[in-house]
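> Right, I'll just put the structure down here and ask away after.
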Amino acid sequence: MDKERLAKIANAIVAPGKGILAADESSPTIKKRFDTIDVASTEENRRAYRDLLFTTEGVEAFISGVILFDETMRQTSNNGTPFPQLLERKNILPGIKVDKGAKALAGFDGEKVTEGLDGLRERLGEYAAMGARFAKWRAVITIGEGIPTRYCMDANAHALARYAALCQEAGIVPIVEPEVLMNGDHDISRCRDATAATLKRLYEALFEHCVYLEGTLLKPNMVISGMDCPRQAGAEEIAEATVGCFRQVVPAAVPGIVFLSGGQSPVQATENLNAINALGKQPWALSFSYGRALQEHTLKAWQGESANVEAAQRAFFHRAKCNSAARRGEYTP
Ligand code: 13P
């Protein structure tokens with residue numbers, strides 16, 4: 001394992017003022033996003049949309065890495081450059097989603113386990129040769145009556161640890177993503193308990209599997225009220241709960257925490273990240289790896305029309321810049 005290389009990549013991704021664009025929507029997920037603007041999810045439309053995002057001028061000041069889906073990794077820009085090379089030339093690191101999705105966990109109603117370990121070593125080798133510098137694996141933890149169970153958290157932690165070790169063997173930085181979903185009417189303290197329990201088990205599994213933490217990044221949910229909870233915690237409360245929870249369970253050796261947006265509105269996701277960073281210096285850099293929160297306004301501006309590409313790029317640039325400011329706790333709406 002080339003520890004120095006791994007730590008260098010992980011630190012570059014969370015360099016001051018920078019974060020990740022998650023553009024790794026699988027084909028069914030990007031179809032859902034395109035449905036909201038009435039655009040057909042054809043291979044060419046998906047390529048044209050990703051081209052718009054990646055060629056946005058100046059966005060490299062705020063975006064250090066982009067997570068790609070397998071299809072996008074193999075596509076080329078309008079000018080014929082393969083997307084991974086296009087990004088690399090802008091000093092943006094290309095990453096790849098390597099999990100095969102969260103599937104129902106047999107015997108555990110309402111819970112999921114992420115698949116994709118079979119053949120992963122070979123796939124990582126191919127992605128590394130194509131230029132991938134980091135990877136992502138998303139586990140899903142659901143809050144509900146009697147769940148999450150200990151078994152579900154352990155099964156997902158085990159898969160994340162096996163994935164992370166294989167990535168490091170291939171010279172790829174693993175982003176470990178245990179997402180505790182916002183769905184439900186639970187309050188923020190339940191989210192905190194479930195997040196703490198999930199992370200505790202995750203770091204135990206990573207330790208057991210001898211994963212080099214300095215060469216990893218964590219992509220978690222924020223500690224937040226369930227979407228249908230009657231009392232919605234504000235940004236300051238979310239920030240205190242999130243940082244308080246992480247200080248108890250995330251080792252200081254981890255260079256950075258890159259939050260997912262998970263259904264928060266674009267402005268909320270920025271405000272919450274801002275409040276988190278406004279609390280002052282922590283053992284890890286606190287950044288973003290947003291999908292929806294970086295793309296919602298962009299998609300709306302685009303509408304699938306090439307005449308709207310510039311307006312869509314302005315929307316993307318603006319959100320990226322706002323989240324960059326939030327990394328310093330200096331965002332103003
Ligand atoms: P959201 O920010 O839309 O949650 O997407 C981030 C992601 O990569 C989820 O796996």
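Within each chain, counting starts at residue 1; across the structure tokens, chains are named A, B, ... in the order shown, with ligands numbered 1 upward in that order.
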Can you check which residues of range 50-188 of chain A DSSP gives as strand (DSSP E) on the backbone and send them as a count of residues only?

33

> Give as a ChimeraX atom specification the residues surrounding ligand 1 up to a distance of 7 Å, considering only C-alpha atoms and all ligand atoms.

/A:22,24,138,260-263,289-293

> Could you please take those selected residues and save C-alpha atoms as a CSV table (one decimal), in the first residue's frame?


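Produced file part03.csv, reproduced below:
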chain,number,residue,atom,x,y,z
A,22,ALA,CA,-21.2,13.9,-6.7
A,24,ASP,CA,-22.3,9.6,-10.0
A,138,ARG,CA,-22.7,4.0,-0.2
A,260,LEU,CA,-23.8,14.3,1.5
A,261,SER,CA,-26.9,16.5,1.1
A,262,GLY,CA,-29.4,13.6,1.3
A,263,GLY,CA,-32.5,15.6,0.5
A,289,SER,CA,-19.7,16.0,-1.5
A,290,TYR,CA,-23.1,17.1,-2.7
A,291,GLY,CA,-25.2,15.7,-5.5
A,292,ARG,CA,-28.7,17.2,-5.4
A,293,ALA,CA,-27.7,20.3,-3.4

> Extract, using only C-alpha atoms, all DNA, RNA and protein residues at most 10 Å from Arg314 in chain A, discarding same-chain residues fewer than 2 positions from it, and format them as a PyMOL selection string.

chain A and resi 56-57+59+297-298+301+309-312+316-320

> Output the selection as a short mmCIF file (atom, residue, chain, number, x, y, z; two decimals), in the first residue's frame - N, CA and C atoms for each residue.


data_model
loop_
_atom_site.label_atom_id
_atom_site.label_comp_id
_atom_site.auth_asym_id
_atom_site.auth_seq_id
_atom_site.Cartn_x
_atom_site.Cartn_y
_atom_site.Cartn_z
N THR A 56 -17.67 23.79 -16.77
CA THR A 56 -17.98 25.10 -16.19
C THR A 56 -16.68 25.82 -15.82
N GLU A 57 -16.49 26.96 -16.46
CA GLU A 57 -15.23 27.67 -16.30
C GLU A 57 -15.04 28.19 -14.88
N VAL A 59 -14.82 26.65 -12.08
CA VAL A 59 -15.39 25.90 -10.95
C VAL A 59 -14.32 25.13 -10.18
N HIS A 297 -30.50 23.47 -8.90
CA HIS A 297 -30.71 24.73 -9.63
C HIS A 297 -30.15 24.63 -11.05
N THR A 298 -29.06 23.88 -11.18
CA THR A 298 -28.42 23.71 -12.49
C THR A 298 -29.37 23.00 -13.46
N ALA A 301 -32.21 25.21 -14.55
CA ALA A 301 -31.80 26.23 -15.53
C ALA A 301 -31.56 25.59 -16.90
N VAL A 309 -27.23 26.28 -21.67
CA VAL A 309 -26.02 25.75 -21.02
C VAL A 309 -25.31 26.81 -20.18
N GLU A 310 -25.19 28.02 -20.71
CA GLU A 310 -24.48 29.06 -19.95
C GLU A 310 -25.19 29.40 -18.65
N ALA A 311 -26.49 29.52 -18.71
CA ALA A 311 -27.27 29.84 -17.50
C ALA A 311 -27.13 28.70 -16.48
N ALA A 312 -27.14 27.47 -16.97
CA ALA A 312 -27.01 26.31 -16.08
C ALA A 312 -25.61 26.30 -15.44
N PHE A 316 -24.54 26.43 -11.42
CA PHE A 316 -23.63 25.47 -10.80
C PHE A 316 -22.45 26.20 -10.15
N PHE A 317 -21.88 27.15 -10.88
CA PHE A 317 -20.75 27.92 -10.36
C PHE A 317 -21.15 28.62 -9.05
N HIS A 318 -22.35 29.20 -9.05
CA HIS A 318 -22.81 29.93 -7.88
C HIS A 318 -22.92 29.02 -6.65
N ARG A 319 -23.55 27.86 -6.82
CA ARG A 319 -23.71 26.95 -5.66
C ARG A 319 -22.34 26.44 -5.19
N ALA A 320 -21.46 26.15 -6.13
CA ALA A 320 -20.13 25.66 -5.76
C ALA A 320 -19.40 26.75 -4.96
#

> Point out the residue among A:Tyr212, A:Phe83, A:Phe259, A:Trp284 with the least atom-to-atom distance to Arg247 in chain A, counting only C-alpha atoms.

A:Trp284

> Using only C-alpha atoms, which residue out of A:Leu206, A:Cys322, A:Leu53, A:Ile147 lies closest to Ala165 in chain A?

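For Ala165 in chain A, the nearest of the given residues is A:Leu206.
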
> Please measure the separation of CA of Val258 in chain A and CA of Trp137 in chain A, giving the value in Å to one decimal.

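Between CA of Val258 in chain A and CA of Trp137 in chain A the gap works out to 13.4 Å.
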
> Go ahead and compute the interatomic distance for CA of Val113 in chain A and CA of Val14 in chain A, in Å to one decimal.

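For CA of Val113 in chain A relative to CA of Val14 in chain A, the distance reads 28.0 Å.
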
> Can you list every residue in range 21-238 of chain A that DSSP puts in helix (DSSP H, G or I), as a ChimeraX atom specification?

/A:27-35,43-54,59-61,70-73,83-89,120-130,150-169,188-208,213-215,235-238

> Near Met73 in chain A, within 9 Å and counting only C-alpha atoms, which residues show up once chain neighbours fewer than 2 positions away are dropped, as a PyMOL selection string?

chain A and resi 68-71+75-76+82-84+94-96+127+130+132

> Please produce a file of those selected residues containing C-alpha atoms, as a compact mmCIF listing (two decimals), in the first residue's frame.


# COMPACT_ATOMS: atom_id res chain seq x y z
CA LEU A 68 -18.48 9.59 -11.80
CA PHE A 69 -20.72 6.67 -12.70
CA ASP A 70 -19.24 3.86 -14.82
CA GLU A 71 -20.95 5.11 -18.00
CA GLN A 75 -17.70 8.99 -22.16
CA THR A 76 -16.01 11.95 -23.82
CA PRO A 82 -12.41 11.52 -22.19
CA PHE A 83 -14.11 12.95 -19.08
CA PRO A 84 -11.47 11.68 -16.58
CA PRO A 94 -11.81 11.99 -11.03
CA GLY A 95 -13.53 9.49 -8.72
CA ILE A 96 -15.78 6.49 -9.34
CA TYR A 127 -10.72 2.20 -12.99
CA MET A 130 -8.59 4.89 -16.54
CA ALA A 132 -9.73 7.20 -11.05

> Could you give me, as a ChimeraX atom specification, the residues within 7 Å of Gly101 in chain A, counting only C-alpha atoms and dropping anything in the same chain fewer than 2 positions from it?

/A:99,103,114-115

> Considering only C-alpha atoms, can you say which of A:Glu296, A:Asp185, A:Asp51, A:Glu236 comes closest to Gln264 in chain A?

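Among the listed residues, A:Glu296 lies closest to Gln264 in chain A.
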